[in-house]
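Structure data follow from input.cif (mmCIF, C-alpha atoms (C1' of nucleotides)):
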```cif
data_start
loop_
_atom_site.label_atom_id
_atom_site.label_comp_id
_atom_site.auth_asym_id
_atom_site.auth_seq_id
_atom_site.Cartn_x
_atom_site.Cartn_y
_atom_site.Cartn_z
CA MET A 299 30.68 8.64 45.86
CA THR A 300 29.05 5.50 44.56
CA THR A 301 29.32 6.69 40.97
CA ASN A 302 32.34 4.47 40.48
CA THR A 303 30.51 1.36 41.63
CA ARG A 304 30.46 0.24 38.03
CA GLN A 305 34.24 0.39 37.85
CA GLN A 306 34.64 -1.35 41.19
CA ILE A 307 32.42 -4.16 39.94
CA ILE A 308 34.57 -4.53 36.86
CA ASP A 309 37.77 -4.63 38.89
CA TYR A 310 36.45 -7.20 41.31
CA SER A 311 34.97 -9.29 38.50
CA ALA A 312 38.34 -9.29 36.79
CA GLU A 313 39.81 -10.83 39.91
CA LEU A 314 37.10 -13.48 40.04
CA LEU A 315 37.47 -14.13 36.32
CA ARG A 316 41.18 -14.75 36.74
CA ALA A 317 40.70 -16.93 39.80
CA ARG A 318 37.74 -19.06 38.70
CA GLY A 319 36.98 -18.42 35.06
CA TYR A 320 33.99 -16.76 33.42
CA SER A 321 31.36 -19.26 34.50
CA GLY A 322 33.01 -19.56 37.87
CA PHE A 323 31.61 -16.35 39.30
CA SER A 324 28.07 -15.02 39.59
CA PHE A 325 26.23 -11.78 40.18
CA LEU A 326 25.69 -12.95 43.74
CA ASP A 327 29.45 -13.11 44.35
CA ILE A 328 29.74 -9.52 43.24
CA ALA A 329 26.72 -8.34 45.22
CA ARG A 330 28.07 -9.88 48.39
CA GLU A 331 31.45 -8.22 47.95
CA PHE A 332 29.89 -4.77 47.87
CA GLY A 333 27.10 -5.40 50.34
CA ILE A 334 24.40 -4.86 47.76
CA LYS A 335 21.80 -7.10 46.10
CA LYS A 336 21.99 -9.01 42.86
CA ALA A 337 19.40 -6.77 41.26
CA SER A 338 21.64 -3.78 41.88
CA VAL A 339 24.45 -5.45 40.00
CA HIS A 340 22.05 -6.03 37.13
CA HIS A 341 21.39 -2.29 37.14
CA HIS A 342 25.02 -1.73 36.15
CA PHE A 343 25.24 -4.71 33.81
CA PRO A 344 21.82 -5.92 32.64
CA LYS A 345 23.15 -9.22 31.24
CA LYS A 346 26.28 -11.12 32.06
CA VAL A 347 27.43 -10.56 28.49
CA ASP A 348 27.53 -6.83 29.23
CA LEU A 349 29.84 -7.48 32.13
CA GLY A 350 31.84 -9.89 30.00
CA LEU A 351 32.40 -7.27 27.32
CA ALA A 352 33.43 -4.75 29.95
CA LEU A 353 35.92 -7.34 31.17
CA CYS A 354 37.26 -7.60 27.63
CA ASP A 355 37.91 -3.86 27.70
CA TRP A 356 39.57 -4.27 31.07
CA THR A 357 41.68 -7.11 29.70
CA GLN A 358 42.79 -5.08 26.72
CA ALA A 359 43.93 -2.23 28.94
CA TRP A 360 45.65 -4.70 31.27
CA LEU A 361 47.39 -6.34 28.35
CA GLU A 362 48.54 -3.17 26.61
CA GLN A 363 49.82 -1.71 29.83
CA GLY A 364 51.66 -4.94 30.59
CA LEU A 365 53.29 -5.20 27.18
CA ALA A 366 54.34 -1.55 27.29
CA HIS A 367 55.91 -2.23 30.66
CA PHE A 368 58.03 -5.07 29.28
CA GLU A 369 59.49 -2.75 26.70
CA ALA A 370 61.73 -0.74 28.99
CA LYS A 371 64.15 1.11 26.75
CA GLY A 372 67.66 -0.13 26.47
CA THR A 373 66.77 -3.75 27.17
CA SER A 374 67.56 -6.54 24.78
CA ASN A 375 64.76 -8.26 22.92
CA TRP A 376 65.35 -11.41 24.90
CA ASN A 377 64.96 -9.35 28.03
CA LYS A 378 61.53 -8.26 26.84
CA LEU A 379 60.46 -11.86 26.45
CA GLU A 380 61.93 -12.66 29.82
CA ARG A 381 59.95 -9.88 31.44
CA TYR A 382 56.86 -11.26 29.77
CA PHE A 383 57.20 -14.77 31.11
CA LYS A 384 58.47 -13.69 34.52
CA ALA A 385 55.30 -11.64 34.91
CA ALA A 386 53.17 -14.56 33.77
CA GLN A 387 55.00 -16.80 36.22
CA LYS A 388 54.40 -14.37 39.07
CA HIS A 389 50.67 -14.18 38.38
CA THR A 390 50.12 -17.88 37.91
CA LEU A 391 52.47 -19.30 40.49
CA ASN A 392 52.55 -16.71 43.24
CA GLU A 393 49.14 -15.11 42.95
CA GLN A 394 47.29 -18.14 41.62
CA LEU A 395 45.61 -16.03 38.98
CA MET A 396 45.15 -16.96 35.35
CA CYS A 397 45.86 -14.57 32.55
CA PRO A 398 42.40 -13.09 31.79
CA ILE A 399 42.63 -14.13 28.15
CA SER A 400 43.20 -17.75 29.15
CA ALA A 401 40.46 -17.47 31.74
CA PHE A 402 37.97 -16.53 29.05
CA HIS A 403 39.45 -19.09 26.71
CA ASN A 404 38.76 -21.89 29.18
CA ASP A 405 35.04 -21.22 28.93
CA LEU A 406 35.01 -20.92 25.17
CA PRO A 407 31.97 -23.25 24.71
CA VAL A 408 29.65 -21.02 26.72
CA LEU A 409 30.84 -17.63 25.55
CA ASP A 410 28.73 -15.31 23.46
CA ASP A 411 29.97 -14.67 19.95
CA SER A 412 30.55 -11.01 20.76
CA ILE A 413 33.01 -12.02 23.48
CA ARG A 414 34.65 -14.60 21.25
CA GLU A 415 35.39 -11.91 18.71
CA ARG A 416 36.95 -9.66 21.31
CA LEU A 417 38.96 -12.60 22.59
CA LYS A 418 40.37 -13.25 19.15
CA ALA A 419 41.50 -9.66 18.86
CA LEU A 420 43.14 -9.82 22.28
CA GLY A 421 45.01 -13.00 21.38
CA ASN A 422 46.30 -11.34 18.25
CA ILE A 423 47.55 -8.27 20.11
CA GLU A 424 49.60 -10.54 22.34
CA LEU A 425 50.92 -12.71 19.52
CA ASP A 426 51.76 -9.72 17.35
CA TRP A 427 53.73 -8.18 20.17
CA VAL A 428 55.82 -11.32 20.69
CA GLU A 429 56.33 -11.64 16.96
CA ARG A 430 57.61 -8.10 16.67
CA VAL A 431 60.03 -8.55 19.56
CA ILE A 432 61.36 -11.75 18.03
CA GLU A 433 61.61 -10.19 14.60
CA GLN A 434 63.71 -7.39 16.03
CA GLY A 435 65.74 -9.95 17.93
CA ILE A 436 66.48 -11.89 14.78
CA GLU A 437 67.52 -8.75 12.95
CA ALA A 438 69.73 -7.78 15.86
CA GLY A 439 71.35 -11.20 15.79
CA GLU A 440 70.05 -12.12 19.24
CA PHE A 441 67.96 -15.04 18.05
CA LEU A 442 68.43 -17.92 15.69
CA SER A 443 66.63 -17.56 12.38
CA THR A 444 65.42 -20.95 11.22
CA SER A 445 63.91 -21.90 7.89
CA ALA A 446 66.43 -19.45 6.52
CA ALA A 447 65.82 -20.84 3.09
CA GLU A 448 64.39 -18.32 0.67
CA GLY A 449 64.05 -14.57 0.57
CA SER A 450 61.36 -14.16 3.26
CA SER A 451 63.85 -12.30 5.45
CA SER A 452 62.78 -13.25 8.95
CA GLU A 453 59.07 -12.80 8.86
CA SER A 454 57.70 -16.31 8.70
CA SER A 455 60.41 -17.49 11.04
CA ALA A 456 59.56 -14.80 13.57
CA ARG A 457 55.87 -15.67 13.66
CA ALA A 458 56.54 -19.38 14.03
CA LEU A 459 59.04 -18.71 16.80
CA ALA A 460 56.52 -16.43 18.44
CA GLY A 461 54.04 -19.30 18.38
CA LEU A 462 56.53 -21.68 19.92
CA PHE A 463 57.35 -19.16 22.62
CA ILE A 464 53.88 -18.08 23.58
CA PHE A 465 52.23 -21.49 23.37
CA SER A 466 54.94 -23.29 25.30
CA CYS A 467 54.79 -20.54 27.91
CA LYS A 468 51.01 -20.72 28.26
CA GLY A 469 50.98 -24.49 28.10
CA ALA A 470 53.65 -24.71 30.76
CA LEU A 471 51.80 -22.30 33.03
CA TYR A 472 48.66 -24.33 32.58
CA HIS A 473 50.57 -27.43 33.58
CA ALA A 474 52.12 -25.62 36.55
CA ARG A 475 48.72 -24.85 38.07
CA LEU A 476 48.38 -28.54 38.85
CA HIS A 477 51.92 -29.93 38.84
CA GLY A 478 53.95 -27.08 40.26
CA LYS A 479 56.52 -24.80 38.70
CA ASP A 480 59.45 -27.11 37.94
CA MET A 481 58.56 -27.92 34.35
CA PHE A 482 57.75 -24.29 33.64
CA HIS A 483 61.27 -23.22 34.46
CA GLN A 484 62.84 -26.09 32.54
CA THR A 485 60.70 -25.36 29.50
CA MET A 486 61.45 -21.65 29.33
CA GLN A 487 65.13 -22.37 29.83
CA GLN A 488 65.02 -24.91 27.03
CA PHE A 489 63.45 -22.38 24.70
CA ALA A 490 66.23 -19.93 25.50
CA ALA A 491 68.90 -22.59 24.97
CA LEU A 492 67.54 -23.39 21.52
CA VAL A 493 66.83 -19.92 20.24
CA ARG A 494 69.29 -17.47 21.77
CA LEU A 495 72.56 -16.95 19.97
CA MET B 248 21.01 -56.45 27.81
CA THR B 249 21.00 -53.22 29.79
CA THR B 250 23.80 -54.47 32.00
CA ASN B 251 26.23 -52.37 30.00
CA THR B 252 24.28 -49.17 30.57
CA ARG B 253 27.00 -48.16 32.99
CA GLN B 254 29.62 -48.45 30.28
CA GLN B 255 27.47 -46.66 27.74
CA ILE B 256 27.06 -43.80 30.19
CA ILE B 257 30.81 -43.59 30.62
CA ASP B 258 31.41 -43.57 26.89
CA TYR B 259 28.85 -40.89 26.24
CA SER B 260 30.06 -38.82 29.17
CA ALA B 261 33.56 -38.98 27.79
CA GLU B 262 32.27 -37.42 24.60
CA LEU B 263 30.50 -34.68 26.50
CA LEU B 264 33.55 -34.12 28.69
CA ARG B 265 35.72 -33.64 25.63
CA ALA B 266 33.21 -31.38 23.90
CA ARG B 267 32.17 -29.14 26.81
CA GLY B 268 34.34 -29.84 29.83
CA TYR B 269 33.51 -31.42 33.17
CA SER B 270 31.08 -28.77 34.37
CA GLY B 271 29.67 -28.49 30.89
CA PHE B 272 27.53 -31.60 31.05
CA SER B 273 24.91 -32.76 33.53
CA PHE B 274 23.11 -35.91 34.59
CA LEU B 275 20.16 -34.63 32.60
CA ASP B 276 22.19 -34.61 29.38
CA ILE B 277 23.05 -38.23 29.95
CA ALA B 278 19.53 -39.24 30.91
CA ARG B 279 18.12 -37.67 27.76
CA GLU B 280 20.61 -39.47 25.54
CA PHE B 281 19.48 -42.87 26.82
CA GLY B 282 15.81 -42.05 27.27
CA ILE B 283 15.93 -42.54 31.02
CA LYS B 284 15.57 -40.24 34.02
CA LYS B 285 18.19 -38.43 36.04
CA ALA B 286 17.54 -40.63 39.04
CA SER B 287 18.44 -43.67 36.97
CA VAL B 288 21.79 -42.16 36.11
CA HIS B 289 22.35 -41.56 39.80
CA HIS B 290 21.76 -45.26 40.33
CA HIS B 291 24.88 -46.00 38.29
CA PHE B 292 26.89 -43.09 39.64
CA PRO B 293 25.54 -41.77 42.95
CA LYS B 294 27.61 -38.57 42.83
CA LYS B 295 29.16 -36.77 39.92
CA VAL B 296 32.57 -37.46 41.44
CA ASP B 297 31.93 -41.16 40.93
CA LEU B 298 31.32 -40.56 37.27
CA GLY B 299 34.34 -38.27 37.15
CA LEU B 300 36.59 -40.97 38.55
CA ALA B 301 35.22 -43.48 36.06
CA LEU B 302 36.08 -40.96 33.36
CA CYS B 303 39.61 -40.84 34.72
CA ASP B 304 39.83 -44.60 34.21
CA TRP B 305 38.44 -44.17 30.74
CA THR B 306 40.99 -41.44 30.03
CA GLN B 307 43.86 -43.58 31.22
CA ALA B 308 42.84 -46.44 28.93
CA TRP B 309 42.36 -43.98 26.06
CA LEU B 310 45.77 -42.47 26.68
CA GLU B 311 47.68 -45.71 27.02
CA GLN B 312 46.08 -47.16 23.95
CA GLY B 313 46.89 -44.00 22.02
CA LEU B 314 50.52 -43.87 23.09
CA ALA B 315 50.99 -47.55 22.28
CA HIS B 316 49.58 -46.86 18.85
CA PHE B 317 52.12 -44.13 18.16
CA GLU B 318 54.94 -46.57 18.82
CA ALA B 319 54.65 -48.61 15.66
CA LYS B 320 57.85 -50.58 15.37
CA GLY B 321 60.46 -49.49 12.93
CA THR B 322 59.48 -45.83 13.05
CA SER B 323 61.88 -43.12 14.03
CA ASN B 324 61.47 -41.34 17.31
CA TRP B 325 60.52 -38.18 15.50
CA ASN B 326 57.84 -40.15 13.74
CA LYS B 327 56.40 -41.13 17.10
CA LEU B 328 56.12 -37.49 18.12
CA GLU B 329 54.64 -36.69 14.76
CA ARG B 330 51.97 -39.36 15.19
CA TYR B 331 51.23 -37.90 18.59
CA PHE B 332 50.58 -34.38 17.39
CA LYS B 333 48.84 -35.45 14.20
CA ALA B 334 46.37 -37.37 16.32
CA ALA B 335 45.92 -34.39 18.63
CA GLN B 336 45.41 -32.20 15.59
CA LYS B 337 42.78 -34.54 14.20
CA HIS B 338 40.80 -34.59 17.44
CA THR B 339 40.95 -30.88 18.11
CA LEU B 340 40.63 -29.50 14.61
CA ASN B 341 38.53 -32.05 12.77
CA GLU B 342 36.39 -33.49 15.53
CA GLN B 343 36.30 -30.40 17.74
CA LEU B 344 37.06 -32.49 20.80
CA MET B 345 39.50 -31.63 23.54
CA CYS B 346 41.95 -34.11 24.91
CA PRO B 347 40.16 -35.46 28.01
CA ILE B 348 43.07 -34.51 30.25
CA SER B 349 42.86 -30.91 29.09
CA ALA B 350 39.09 -31.02 29.42
CA PHE B 351 39.41 -31.91 33.09
CA HIS B 352 42.25 -29.46 33.49
CA ASN B 353 40.05 -26.58 32.32
CA ASP B 354 37.75 -27.12 35.27
CA LEU B 355 40.52 -27.48 37.81
CA PRO B 356 38.96 -25.06 40.34
CA VAL B 357 35.82 -27.14 40.78
CA LEU B 358 37.34 -30.61 40.72
CA ASP B 359 37.39 -32.89 43.72
CA ASP B 360 40.82 -33.65 45.14
CA SER B 361 40.43 -37.31 44.22
CA ILE B 362 40.08 -36.33 40.56
CA ARG B 363 42.94 -33.87 40.79
CA GLU B 364 45.22 -36.64 41.97
CA ARG B 365 44.22 -38.89 39.10
CA LEU B 366 44.73 -36.01 36.70
CA LYS B 367 48.25 -35.47 37.94
CA ALA B 368 49.07 -39.11 37.33
CA LEU B 369 47.61 -38.95 33.84
CA GLY B 370 49.66 -35.87 33.00
CA ASN B 371 52.78 -37.64 34.15
CA ILE B 372 52.10 -40.70 32.02
CA GLU B 373 51.90 -38.47 28.97
CA LEU B 374 54.96 -36.42 29.82
CA ASP B 375 57.02 -39.48 30.70
CA TRP B 376 56.17 -41.04 27.37
CA VAL B 377 57.30 -37.97 25.42
CA GLU B 378 60.43 -37.73 27.53
CA ARG B 379 61.36 -41.32 26.83
CA VAL B 380 60.85 -40.91 23.09
CA ILE B 381 62.99 -37.79 23.06
CA GLU B 382 65.66 -39.44 25.18
CA GLN B 383 65.88 -42.28 22.71
CA GLY B 384 65.91 -39.76 19.88
CA ILE B 385 68.83 -37.90 21.41
CA GLU B 386 70.77 -41.13 21.90
CA ALA B 387 70.02 -42.12 18.31
CA GLY B 388 71.31 -38.76 17.10
CA GLU B 389 67.90 -37.73 15.77
CA PHE B 390 67.50 -34.76 18.07
CA LEU B 391 69.70 -31.95 19.25
CA SER B 392 70.96 -32.29 22.80
CA THR B 393 71.15 -28.88 24.42
CA SER B 394 72.70 -27.94 27.73
CA ALA B 395 75.29 -30.56 26.81
CA ALA B 396 77.49 -29.29 29.57
CA GLU B 397 78.26 -31.82 32.26
CA GLY B 398 77.90 -35.53 32.63
CA SER B 399 74.09 -35.77 32.83
CA SER B 400 74.04 -37.64 29.53
CA SER B 401 70.78 -36.54 27.99
CA GLU B 402 68.37 -36.85 30.84
CA SER B 403 67.70 -33.30 31.92
CA SER B 404 67.81 -32.16 28.33
CA ALA B 405 65.24 -34.78 27.32
CA ARG B 406 62.76 -33.75 29.98
CA ALA B 407 63.08 -30.07 29.18
CA LEU B 408 62.65 -30.78 25.49
CA ALA B 409 59.65 -32.93 26.31
CA GLY B 410 58.16 -29.98 28.15
CA LEU B 411 58.77 -27.66 25.23
CA PHE B 412 57.19 -30.16 22.86
CA ILE B 413 54.12 -31.09 24.81
CA PHE B 414 53.32 -27.62 26.13
CA SER B 415 53.76 -25.91 22.80
CA CYS B 416 51.61 -28.59 21.22
CA LYS B 417 48.83 -28.26 23.79
CA GLY B 418 49.10 -24.49 23.87
CA ALA B 419 48.88 -24.33 20.07
CA LEU B 420 45.87 -26.63 20.01
CA TYR B 421 44.20 -24.48 22.62
CA HIS B 422 44.84 -21.45 20.46
CA ALA B 423 43.58 -23.26 17.37
CA ARG B 424 40.17 -23.87 18.91
CA LEU B 425 39.49 -20.17 18.57
CA HIS B 426 41.90 -18.91 15.91
CA GLY B 427 42.11 -21.80 13.48
CA LYS B 428 44.88 -24.23 12.66
CA ASP B 429 47.49 -22.03 10.94
CA MET B 430 49.61 -21.26 13.97
CA PHE B 431 49.45 -24.85 15.13
CA HIS B 432 51.15 -26.05 11.97
CA GLN B 433 53.73 -23.29 12.03
CA THR B 434 54.54 -23.98 15.65
CA MET B 435 55.03 -27.72 15.29
CA GLN B 436 57.15 -27.13 12.20
CA GLN B 437 59.25 -24.64 14.10
CA PHE B 438 59.85 -27.14 16.87
CA ALA B 439 61.00 -29.67 14.30
CA ALA B 440 63.27 -27.13 12.62
CA LEU B 441 64.97 -26.34 15.92
CA VAL B 442 65.31 -29.80 17.36
CA ARG B 443 65.73 -32.32 14.57
CA LEU B 444 69.22 -33.02 13.34
"C1'" DG C 163 21.13 3.29 42.58
"C1'" DT C 164 19.31 0.26 45.52
"C1'" DC C 165 15.69 -2.40 47.28
"C1'" DT C 166 11.94 -6.42 47.57
"C1'" DA C 167 9.91 -9.87 45.24
"C1'" DT C 168 9.64 -13.11 41.98
"C1'" DA C 169 10.21 -15.85 37.93
"C1'" DA C 170 12.05 -19.66 35.29
"C1'" DA C 171 15.52 -22.78 34.59
"C1'" DT C 172 19.14 -25.86 35.88
"C1'" DG C 173 21.99 -28.98 38.62
"C1'" DG C 174 23.07 -32.33 42.10
"C1'" DA C 175 21.02 -35.42 45.05
"C1'" DT C 176 17.74 -38.66 47.81
"C1'" DA C 177 13.51 -41.61 49.25
"C1'" DG C 178 10.78 -45.03 48.20
"C1'" DA C 179 7.51 -47.50 44.92
"C1'" DC C 180 7.54 -50.81 41.01
"C1'" DG D 70 17.33 -50.71 36.96
"C1'" DT D 71 14.06 -47.53 36.37
"C1'" DC D 72 10.42 -44.69 37.84
"C1'" DT D 73 7.86 -40.60 40.36
"C1'" DA D 74 8.26 -37.20 43.40
"C1'" DT D 75 10.63 -34.05 45.84
"C1'" DC D 76 14.31 -31.17 47.93
"C1'" DC D 77 17.57 -27.68 48.06
"C1'" DA D 78 20.71 -24.54 46.18
"C1'" DT D 79 22.25 -21.63 42.52
"C1'" DT D 80 22.07 -18.61 38.52
"C1'" DT D 81 20.36 -15.40 35.26
"C1'" DA D 82 17.06 -12.13 34.78
"C1'" DT D 83 12.88 -8.77 35.25
"C1'" DA D 84 9.17 -5.64 37.37
"C1'" DG D 85 8.24 -2.12 40.09
"C1'" DA D 86 8.55 0.45 44.67
"C1'" DC D 87 11.61 3.75 47.29
#
```

Structure translated into structure tokens:
Amino acid sequence: MTTNTRQQIIDYSAELLRARGYSGFSFLDIAREFGIKKASVHHHFPKKVDLGLALCDWTQAWLEQGLAHFEAKGTSNWNKLERYFKAAQKHTLNEQLMCPISAFHNDLPVLDDSIRERLKALGNIELDWVERVIEQGIEAGEFLSTSAAEGSSSESSARALAGLFIFSCKGALYHARLHGKDMFHQTMQQFAALVRL
Amino acid sequence: MTTNTRQQIIDYSAELLRARGYSGFSFLDIAREFGIKKASVHHHFPKKVDLGLALCDWTQAWLEQGLAHFEAKGTSNWNKLERYFKAAQKHTLNEQLMCPISAFHNDLPVLDDSIRERLKALGNIELDWVERVIEQGIEAGEFLSTSAAEGSSSESSARALAGLFIFSCKGALYHARLHGKDMFHQTMQQFAALVRL
DNA sequence: GTCTATAAATGGATAGAC
DNA sequence: GTCTATCCATTTATAGAC
């Protein structure tokens, strides 16, 4: 019955991570939640790094499941991006939770190298996904292809557009946590106005 | 001679704030730097909030001086934006320092309300500046004016573009701290490609 | 798997002497 | 302005009994 305590700890920690950041929660927080002692939490995760790495696994699953969900068949590529930022908006603005990648990222200075490496990989999964969607969108004539100078079909343009999309989205969400959602909506709308054909 | 200890503490704290965030430095760090004891630091700033608010003042001066510096006369409006993100790039990528506003922002959950209020004002100063530059740029025909539908000259468009600029810039810098500078350059170039006429 | 007990360090803060 | 001394709370972590 209590065999899944480990998993429950991970799930609850993920919530704390997204609400307060990596250094914002402690073994005591977790112990209290499950009515056990700190030492018992250490039984499941000897060091906080162990828990942190488990949270990286959790984040990867969360991310891959999310991205797959945005790719409902039959939708336009813009619609995929829209699903992405609507989900982000819901988490940040309604549920007051950070994206777990950003939550880790905020505590970059205190993270172990092993976690930093995982974090890099996670960031790349996300960026690659956006790039692929935009690349397909350019080929389908949904999006503007800039720097259409030489022969590099749409590759470099797609990655740069992906950067503009994902960073403005994350930056705007970050801003919204303190200033409210208005600028987030304006910014995403502006991106659409500039890039959609 | 030691009358300016207070100011020296503020200056050094600003460095620590930008390197490690608000919760990333302690009174002990400061005491060590000046060869004094923690209690002596508390003499200058009874509570950490007091130091935090002094750092908000410092940040405002830093910001206003920076923005004024980007407005060299005779430069184009694009050039002003370029100076802005080149400076940001230098701080983040060369000096490994965060913008103090972002540094505070990272620790949002643990900040006192008084600091949060100051932080909001600081964010608005920055955003207003970018908006004004872009507004002038649109009027001068330097930048594209989207959503050129009704009579709202260039106002709403300028603010939305300002959001896209500043959030993509900050988001890309954030990303660069872990992943390196490549995407930052691509992203800023992409913004220019889309918006400059 | 969970407990008690404990260690060792850190962080914010205060009282009162010099 | 700075010091010693001290307090209290928190956090990560370990040893060993049940």

Close residues, D:DA82 itself excluded, 9 Å, only C-alpha atoms (C1' of nucleotides), min 5 positions apart in chain, as an MDAnalysis selection string: (chainID A and resid 337 340 344:345) or (chainID C and resid 169)

Let me have the centre and edge lengths in Å, one decimal, of the box along x, y and z around every listed atom of stretch 385-393 of chain A with 6 Å of margin on each side, as AutoDock Vina command-line options.
```
--center_x 52.2 --center_y -15.5 --center_z 38.5 --size_x 18.2 --size_y 19.7 --size_z 21.5
```

Distance in Å - atom CA of A:Trp356 versus atom CA of A:Ala456: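 Computing the Euclidean distance for atom CA of A:Trp356 and atom CA of A:Ala456 yields 28.6 Å.
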
Pick from B:Leu328, B:Ala350, B:Ala423, B:Ala335, whichever lies nearest to B:Ala439 using only C-alpha atoms: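 Checking each of B:Leu328, B:Ala350, B:Ala423, B:Ala335 against B:Ala439, counting only C-alpha atoms, the winner is B:Leu328.
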
Hits of the PyMOL selection byres ((chain B) within 12 of (chain C)) in this structure, as a ChimeraX atom specification: /B:270-276,285-290,292-296

Interface, chain B side, toward chain A (9 Å; only C-alpha atoms) as JSON, numbers by chain: {"B": [266, 267, 268, 271, 352, 353, 354, 355, 356, 357, 363, 366, 367, 370, 393, 394, 403, 404, 406, 407, 408, 409, 410, 411, 412, 413, 414, 415, 416, 417, 418, 419, 420, 421, 422, 424, 425, 426, 430, 431, 432, 433, 434, 435, 436, 437, 438, 440, 441, 442]}

Residues selected by the PyMOL selection byres ((chain D) within 10 of (chain B)), written as a PyMOL selection string: chain D and resi 70-73

Between atom CA of A:Glu393 and atom CA of A:Trp360 - distance in Å to one decimal: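 We find that atom CA of A:Trp360 and atom CA of A:Glu393 lie 16.0 Å from each other.
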
Nearest candidate to A:Asp309 (options A:Glu424, A:Glu453, A:Asp348, A:Asp355; using only C-alpha atoms):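 Using only C-alpha atoms, the shortest distance to A:Asp309 belongs to A:Asp355.
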
Å distance separating atom CA of A:Tyr310 from atom CA of A:Ile328, one decimal place: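 Spanning atom CA of A:Tyr310 to atom CA of A:Ile328 is a straight-line distance of 7.4 Å.
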
Evaluate the PyMOL selection byres ((chain A and resi 353) around 9) and report residues as a count of residues only: 16
